[in-house]
Amino acid sequence: MLSWTWATTTTVTRAFSTPALLSSSRRKLASSSNGAAAAFALSSRWSGPSLLRVASTTTADNADTTNADTTDADTLEWPTTKIRQTFIDYFTSPPRNHKYVPSSPSAPLNDPTLLFANAGMNQFKPIFLGRAQPGTELASLTKAANSQKCIRAGGKHNDLDDVGRDTYHHTFFEMLGSWSFGDYFKEEAIGYAWDLMTRVYGIEEGRLYATYFEGDASLGLEEDEEAKEFWLRYLPKERVIPCNAKDNFWEMGDTGPCGPCSELHYDRIGDRDASSLVNADDPDVIELWNLVFVQFNRDDHGVLAPLPNKHVDTGMGLERLCSLLQDKTSNYDIDAFAPLLRALERSANVGPYGGETGEEDVGNRDTAYRAVADHARTLAFALADGAVPSNGGRGYVLRRILRRATRYGQQILKCEPGFFAELIPVVVETFGEAYPELVKNQANIIEIVEEEEQSFSTMLDRGIKYFDEEVKVDDPADSKVVTGDKAFYLYDTLGFPIDLTELMAEEAGMTVDAPGFRAEMESQKQRSRDARSAAKGLAAGERLELIAEQTARLADGGVEVTDDGRKYAWDEVVGAKVEAIFTSGGFLKEGEVAENGSVVGLVLDKSSFYPEAGGQDADLGTISFEGGELVINDVQVYGGYVLHSGVISEGSISVGSAAECRVDYDRRRDVAPNHSMTHVLNAALREVLGEGCDQRGSQCNDEKLRFDFSHKKAMTAAQLKDAEAYVRDAIDRSLPVTAEVMPLDDAKALPGVRALFGEVYPDPVRVVRVGDDSSVEFCGGTHVSNTADAEAFVLTEETAVAKGIRRITALTRDAAKKAVAEGEKFEGRTAVLESIDADATPDLDKRAGAVRKDLDAAELSAALKSELRARIEAVQKKGIDAKKRLLAGRVDKCLNVVKADVEQALADGKKSLVLNLDIGADSKASQKVIKAVQKIAPELAFMGVSEEEVGSGGKALCFAIVPEAVMEATGFKANVWLKDVLDAAGGRGGGKPGNAQGQVPNCEDVEAIIANAESFANDAVAV
């Protein structure tokens, strides 16, 4: 075997079993007469870790140590951690000098347009779209590099269905990325890629192929001659390959930034012409790196226009690069997966992982191994970044992934329930050094996974049994389709996501009636879409937005970003000039006029309107101009330009017109205290619940405030009361609310400062303080100047949003005062109930129930509501207990009457008896009556009728017995007797021939019921 040490002598060779990873330039250096000089020559060009090793021969010179069953990171030339760090070091070191920007969360909590981060460029979207706020780190960024945590499961980019089936798809992966934002372009990007791959990573030049965009006449685009020529500096022309727009033209969406891309491909076999296999889905010719040149913008009409600033966006899958550098044909054989697969083997009862695919993977064993290992990484990273399983959005995608893994593990690998949570510490151990959030949140991740796994495990066996017994068809002549209604039953009742049902169906040689399933779901989805639109305040009309092309046009036209310094001022009219008028058709040209009734967006030189941001709704109001006004219904900011959107209610306006900003300050006076009190509430929750409570979002408008925070369980009534009291105390103390703008680094160093997880803040940043130390937060919103301006505070609701995420809704000012008054009213009503003598008030429980129903619908303090519910429930119990005592007395009295009446019936020789009883609608009391009758007159057919409340016209109980001897002699049956009586009275019931019972919901004439019962019995027994 070979033992490796750092290069110090003249014998230089590689650490891999094939020649793939030694570039031609390196081989020339390695074969020189002075290996140490060669090593120095390389290291002088590269300041990172040395890439040459010396081989000292042992007794097993020819042993191939690279194909062992396990991958030992300590002996690898290129472990995953080193490959990742080498990439970052290469771009951040001189002369490239990129800024290292840490990976954004895999679950972007501050970007509702994304389920998950599916590419490295996601966090830089504001730059590409021209919306990076001036003063933020993004706005000043010119070059960046990192390894981004990505999840592709759901939405447009969804690899979930392919994971496990092959050796290279993942739902979670890392994307090595480098970016230029208006700095360098194609020449440097291609040069860096070639240098890193061949010189630094040592990949053989003869195995590399490059592609470039061949042009597209339908798009009006010529071939990317620049990229082609730059690649020809490094590769022969037969390995520089033109490709079409499908493979080599990148688009962010249907509109927006786009451009040609160029890919670097690698031939695993080598020593051949593999150019025809590039982009042909050949597993041995793989794409390594994609270099996107963002140079166009596509408008709503599909027209492409050059961007003023051209960008570079490159991405390379870390796992794929690792498989190459570690000489593995499968991504799942690299060192990062080895610990997971070994741990899973210990839980499985089907043998070790064999790496098989397709037909060779008998029983889908290795498919299950790969899928579970992949899903463990996905769940660990997503939960560490704050996402949680739920029934909607990204939360439901995570729940699907977890349930898919649970099914694979328990059904295919024969693991015991709970196996999946045991994989989380393995993920943390493997990746925790690079991503410390895994270590920090390990306990919480395990808790969530354990709970979700346990919850689904209870349904999994039922689902598998239902699938086997109700869905599978053993007879080949029968249908091999899982019907839509059965698929929906698995989904709706047993919690099986449709993709899991499809997977199980495929394994059984069946298909799923997807259209039938979708038909069951469509109406629900439509309702959800309508709700989302309503939540955003969007009608079927237009919402105006500026994208990169439009903000660039403004800048190129000499329009300065909007001076919005007066957005924090109060009660003033701000004069302004109209710099641009934007419509759904674009900007109006000079001299064009926007007429009355038009929907337009105005860009002004200055503004006093607060644009929607930081969880606060935008200001509303009007912009007046000579002869008319614009009624504002939306204010947004794009790249520093504030767009005031609305409808011209009268008059007309053109570019250059003078205007006046008239903010609806009365409305803002309702918004501002709600925003200020979210800050105080944030502090209150930390005080009451502890430091583990972190803000996860907020929304403040003129009606209420909403605050989302991380907490594992519902707050108790005492905790709600304490949090509410904390905020009320801050209002009573009349604390000053102040704002100060300071350098971001200084602000971060402030004691007790709070910032929202995942939010990007400008530098300098605005810091809002409440009192001296009650609350210190980064915030750009509008606030009151003193907590006393909030006047009142009521915490009305605390609910679950998702697993581990709670939401509080609260009120201030007049709305809070109204809620306080409502609470006082219900305190009075409850006190009245408590004062009532239960023994003298038979309906006390119902009266208390009516108050409880009103209370549940009322808006008042959640803590007070909880307290009042408990008090009302105590009154209800008191009323029920009193009713039971009263009923017991009535039953005893009734039994004495029954005994006398039965004895009289016997004396008169009767064979049947019907009595109007006074035992309420108590079925237990009816059994006492039956026993009394049977004891005195075992041969007597008997029916009892009892109103719940005598003379009320309400519910009545009816029960009957017919002795066996009577049945045999006459054919008279209790259930037939009861049915005849109840049918006539509009009731329902049932039973057996000897004993039956039922009810009449509305007993308006009890005497008529008794008469009918007597008539039927007399005819039956001929008394």
# chains A, B, ... in the order shown; residues from 1 in each chain; ligands from 1
$ select_by_dssp --residues "stretch 861-951 of chain A" --states "strand (DSSP E or B)" --output "ChimeraX atom specification"
/A:912-917,941-947
$ write_last_selection --atoms "C-alpha atoms" --output "short mmCIF file (atom, residue, chain, number, x, y, z; two decimals), in the first residue's frame"
data_model
loop_
_atom_site.label_atom_id
_atom_site.label_comp_id
_atom_site.auth_asym_id
_atom_site.auth_seq_id
_atom_site.Cartn_x
_atom_site.Cartn_y
_atom_site.Cartn_z
CA SER A 912 -99.19 -2.85 28.85
CA LEU A 913 -98.64 0.49 30.50
CA VAL A 914 -97.49 3.92 29.21
CA LEU A 915 -96.48 6.60 31.73
CA ASN A 916 -95.55 10.27 31.56
CA LEU A 917 -92.47 10.40 33.79
CA ALA A 941 -95.01 -4.27 28.38
CA PHE A 942 -93.98 -0.79 29.45
CA MET A 943 -93.11 2.57 27.83
CA GLY A 944 -91.95 5.68 29.60
CA VAL A 945 -91.94 9.22 28.15
CA SER A 946 -90.08 12.03 29.93
CA GLU A 947 -89.50 15.64 28.89
#
$ closest_atom_pairs --of "stretch 85-184 of chain A" --to "stretch 763-774 of chain A" --cutoff "7 Å" --atoms "only C-alpha atoms" --output "tab-separated table"
residue	atom	partner	partner_atom	distance
A:Gly135	CA	A:Asp763	CA	5.2
A:Thr136	CA	A:Asp763	CA	5.3
A:Glu137	CA	A:Asp763	CA	6.8
$ residues_around --residues "stretch 606-609 of chain A" --least-positions-apart "4" --cutoff "6 Å" --atoms "only C-alpha atoms" --output "compact mmCIF listing (two decimals) with C-alpha atoms, in the first residue's frame"
# COMPACT_ATOMS: atom_id res chain seq x y z
CA THR A 562 -35.57 59.57 -3.59
CA ASP A 563 -34.75 61.71 -0.59
CA ASP A 564 -37.03 60.07 1.96
CA ARG A 566 -38.89 63.28 5.93
CA LYS A 567 -40.63 59.90 6.28
CA ALA A 576 -41.71 67.64 -4.29
CA ASP A 619 -48.23 55.05 4.61
$ atom_distance --atom1 "atom CA of A:Leu325" --atom2 "atom CA of A:Arg365"
27.2 Å
$ select_by_dssp --residues "stretch 566-724 of chain A" --states "helix (DSSP H, G or I)" --output "PyMOL selection string"
chain A and resi 566-568+665-689+717-724
$ residues_around --residues "stretch 804-816 of chain A" --least-positions-apart "2" --cutoff "8 Å" --atoms "only C-alpha atoms" --output "number ranges by chain"
A: 388, 670, 673-674, 696, 703-714, 789-802, 818-820
$ closest_atom_pairs --of "stretch 141-215 of chain A" --to "stretch 288-300 of chain A" --cutoff "10 Å" --atoms "only C-alpha atoms" --output "JSON lines"
{"residue": "A:Met175", "atom": "CA", "partner": "A:Trp289", "partner_atom": "CA", "distance": 9.9}
{"residue": "A:Leu176", "atom": "CA", "partner": "A:Trp289", "partner_atom": "CA", "distance": 9.0}
{"residue": "A:Gly177", "atom": "CA", "partner": "A:Trp289", "partner_atom": "CA", "distance": 9.3}
{"residue": "A:Ser178", "atom": "CA", "partner": "A:Leu291", "partner_atom": "CA", "distance": 9.1}
{"residue": "A:Trp179", "atom": "CA", "partner": "A:Val292", "partner_atom": "CA", "distance": 9.4}
{"residue": "A:Ser180", "atom": "CA", "partner": "A:Phe293", "partner_atom": "CA", "distance": 9.5}
{"residue": "A:Phe181", "atom": "CA", "partner": "A:Val294", "partner_atom": "CA", "distance": 9.4}
{"residue": "A:Gly182", "atom": "CA", "partner": "A:Val294", "partner_atom": "CA", "distance": 9.8}
{"residue": "A:Phe185", "atom": "CA", "partner": "A:Phe293", "partner_atom": "CA", "distance": 7.4}
{"residue": "A:Lys186", "atom": "CA", "partner": "A:Phe293", "partner_atom": "CA", "distance": 7.0}
{"residue": "A:Ala189", "atom": "CA", "partner": "A:Leu291", "partner_atom": "CA", "distance": 7.5}
{"residue": "A:Ile190", "atom": "CA", "partner": "A:Leu291", "partner_atom": "CA", "distance": 7.8}
{"residue": "A:Ala193", "atom": "CA", "partner": "A:Trp289", "partner_atom": "CA", "distance": 8.2}
{"residue": "A:Met197", "atom": "CA", "partner": "A:Trp289", "partner_atom": "CA", "distance": 9.7}
{"residue": "A:Leu208", "atom": "CA", "partner": "A:Leu288", "partner_atom": "CA", "distance": 9.4}
{"residue": "A:Tyr209", "atom": "CA", "partner": "A:Leu288", "partner_atom": "CA", "distance": 9.9}
{"residue": "A:Ala210", "atom": "CA", "partner": "A:Trp289", "partner_atom": "CA", "distance": 9.5}
{"residue": "A:Thr211", "atom": "CA", "partner": "A:Asn290", "partner_atom": "CA", "distance": 9.4}
{"residue": "A:Tyr212", "atom": "CA", "partner": "A:Leu291", "partner_atom": "CA", "distance": 9.6}
$ closest_atom_pairs --of "stretch 540-583 of chain A" --to "stretch 624-627 of chain A" --cutoff "10 Å" --atoms "only C-alpha atoms" --output "tab-separated table"
residue	atom	partner	partner_atom	distance
A:Gly575	CA	A:Ser624	CA	9.6
A:Ala576	CA	A:Phe625	CA	9.7
A:Lys577	CA	A:Phe625	CA	9.7
A:Val578	CA	A:Phe625	CA	9.7
$ closest_residue --among "A:Ala937, A:Leu264, A:Cys1003, A:Leu500" --to "A:Gly953" --atoms "only C-alpha atoms"
A:Cys1003
$ atom_distance --atom1 "atom CA of A:Leu398" --atom2 "atom CA of A:Ile412"
20.5 Å
$ atom_distance --atom1 "atom CA of A:Ala863" --atom2 "atom CA of A:Ala718"
7.1 Å
$ residues_around --residues "stretch 317-322 of chain A" --least-positions-apart "2" --cutoff "9 Å" --atoms "only C-alpha atoms" --output "list of chain:residue names"
A:Trp78, A:Pro79, A:Thr80, A:Ile83, A:Arg84, A:Ser147, A:Tyr168, A:Phe173, A:Glu174, A:Met175, A:Leu176, A:Gly177, A:Ile286, A:Glu287, A:Leu288, A:Trp289, A:Gly315, A:Leu324, A:Leu325, A:Gln326, A:Asp327, A:Lys328, A:Ser330, A:Asn331, A:Tyr332, A:Ile334, A:Asp335, A:Ala336
$ write_last_selection --atoms "N, CA, C and O atoms" --output "tab-separated table (two decimals), in the first residue's frame"
chain	number	residue	atom	x	y	z
A	78	TRP	N	-8.18	14.95	-0.68
A	78	TRP	CA	-9.16	16.03	-0.81
A	78	TRP	C	-10.44	15.69	-0.06
A	78	TRP	O	-11.46	15.33	-0.66
A	79	PRO	N	-10.46	15.79	1.26
A	79	PRO	CA	-11.72	15.64	1.98
A	79	PRO	C	-12.64	16.82	1.67
A	79	PRO	O	-12.20	17.88	1.22
A	80	THR	N	-13.92	16.64	1.93
A	80	THR	CA	-14.91	17.67	1.61
A	80	THR	C	-14.58	19.00	2.24
A	80	THR	O	-14.70	20.05	1.59
A	83	ILE	N	-11.86	20.71	0.26
A	83	ILE	CA	-12.31	21.16	-1.06
A	83	ILE	C	-13.11	22.44	-0.94
A	83	ILE	O	-12.91	23.40	-1.70
A	84	ARG	N	-14.01	22.48	0.04
A	84	ARG	CA	-14.82	23.66	0.25
A	84	ARG	C	-13.96	24.87	0.61
A	84	ARG	O	-14.11	25.96	0.04
A	147	SER	N	-19.90	29.02	-0.07
A	147	SER	CA	-20.55	27.74	-0.32
A	147	SER	C	-21.96	27.88	0.25
A	147	SER	O	-22.13	28.04	1.45
A	168	TYR	N	-26.54	10.65	-7.94
A	168	TYR	CA	-26.08	12.03	-7.99
A	168	TYR	C	-27.14	13.08	-7.65
A	168	TYR	O	-26.81	14.25	-7.48
A	173	PHE	N	-27.84	20.10	-1.00
A	173	PHE	CA	-26.47	20.07	-1.52
A	173	PHE	C	-25.84	21.43	-1.25
A	173	PHE	O	-26.52	22.40	-0.90
A	174	GLU	N	-24.54	21.47	-1.41
A	174	GLU	CA	-23.81	22.74	-1.28
A	174	GLU	C	-23.39	23.22	-2.66
A	174	GLU	O	-22.90	22.44	-3.48
A	175	MET	N	-23.57	24.51	-2.90
A	175	MET	CA	-23.20	25.11	-4.17
A	175	MET	C	-22.03	26.06	-3.95
A	175	MET	O	-22.16	27.10	-3.29
A	176	LEU	N	-20.88	25.69	-4.49
A	176	LEU	CA	-19.73	26.59	-4.45
A	176	LEU	C	-19.97	27.70	-5.47
A	176	LEU	O	-20.25	27.41	-6.64
A	177	GLY	N	-19.86	28.95	-5.06
A	177	GLY	CA	-20.21	30.03	-5.96
A	177	GLY	C	-19.26	31.21	-5.89
A	177	GLY	O	-18.67	31.50	-4.85
A	286	ILE	N	-19.73	14.68	-17.07
A	286	ILE	CA	-20.56	15.42	-16.12
A	286	ILE	C	-20.25	16.91	-16.16
A	286	ILE	O	-19.11	17.33	-16.38
A	287	GLU	N	-21.30	17.70	-15.93
A	287	GLU	CA	-21.11	19.14	-15.79
A	287	GLU	C	-20.53	19.44	-14.40
A	287	GLU	O	-21.05	18.98	-13.39
A	288	LEU	N	-19.45	20.21	-14.38
A	288	LEU	CA	-18.82	20.57	-13.11
A	288	LEU	C	-19.20	21.96	-12.66
A	288	LEU	O	-19.54	22.19	-11.50
A	289	TRP	N	-19.12	22.92	-13.57
A	289	TRP	CA	-19.21	24.32	-13.17
A	289	TRP	C	-20.00	25.07	-14.22
A	289	TRP	O	-19.77	24.91	-15.43
A	315	GLY	N	-21.66	28.70	-10.36
A	315	GLY	CA	-22.06	27.71	-9.37
A	315	GLY	C	-21.52	26.33	-9.70
A	315	GLY	O	-21.55	25.90	-10.86
A	324	LEU	N	-15.35	13.62	-7.84
A	324	LEU	CA	-14.28	13.63	-8.82
A	324	LEU	C	-12.91	13.60	-8.13
A	324	LEU	O	-12.06	12.77	-8.42
A	325	LEU	N	-12.72	14.51	-7.18
A	325	LEU	CA	-11.42	14.62	-6.51
A	325	LEU	C	-11.14	13.43	-5.59
A	325	LEU	O	-9.98	13.15	-5.28
A	326	GLN	N	-12.18	12.75	-5.13
A	326	GLN	CA	-11.99	11.56	-4.29
A	326	GLN	C	-12.07	10.28	-5.11
A	326	GLN	O	-12.05	9.18	-4.55
A	327	ASP	N	-12.17	10.42	-6.46
A	327	ASP	CA	-12.18	9.29	-7.37
A	327	ASP	C	-13.33	8.34	-7.08
A	327	ASP	O	-13.15	7.12	-6.99
A	328	LYS	N	-14.53	8.89	-6.94
A	328	LYS	CA	-15.73	8.11	-6.71
A	328	LYS	C	-16.71	8.35	-7.85
A	328	LYS	O	-16.88	9.49	-8.30
A	330	SER	N	-19.90	7.79	-7.52
A	330	SER	CA	-21.17	8.13	-6.89
A	330	SER	C	-20.97	9.23	-5.86
A	330	SER	O	-20.04	9.17	-5.06
A	331	ASN	N	-21.86	10.22	-5.88
A	331	ASN	CA	-21.79	11.27	-4.86
A	331	ASN	C	-21.97	10.69	-3.46
A	331	ASN	O	-21.48	11.24	-2.47
A	332	TYR	N	-22.71	9.58	-3.38
A	332	TYR	CA	-23.00	8.98	-2.07
A	332	TYR	C	-21.83	8.16	-1.52
A	332	TYR	O	-21.91	7.66	-0.40
A	334	ILE	N	-18.77	9.60	-1.28
A	334	ILE	CA	-17.77	10.54	-0.78
A	334	ILE	C	-17.75	10.53	0.75
A	334	ILE	O	-18.64	9.99	1.40
A	335	ASP	N	-16.74	11.16	1.30
A	335	ASP	CA	-16.53	11.12	2.75
A	335	ASP	C	-17.67	11.75	3.53
A	335	ASP	O	-17.95	11.36	4.67
A	336	ALA	N	-18.38	12.73	2.95
A	336	ALA	CA	-19.44	13.42	3.68
A	336	ALA	C	-20.65	12.52	3.92
A	336	ALA	O	-21.43	12.76	4.85
$ residues_around --residues "A:Ile446" --least-positions-apart "6" --cutoff "9 Å" --atoms "only C-alpha atoms" --output "ChimeraX atom specification"
/A:380,421-422,424-425
$ residues_around --residues "A:Gly130" --least-positions-apart "3" --cutoff "7 Å" --atoms "only C-alpha atoms" --output "PyMOL selection string"
chain A and resi 126-127+547-548+551+639
$ closest_residue --among "A:Ala1008, A:Ile448, A:Val240, A:Cys258" --to "A:Asp273" --atoms "only C-alpha atoms"
A:Val240
$ closest_residue --among "A:Ser657, A:Asn279, A:Ser952, A:Asn309" --to "A:Phe128" --atoms "only C-alpha atoms"
A:Asn309
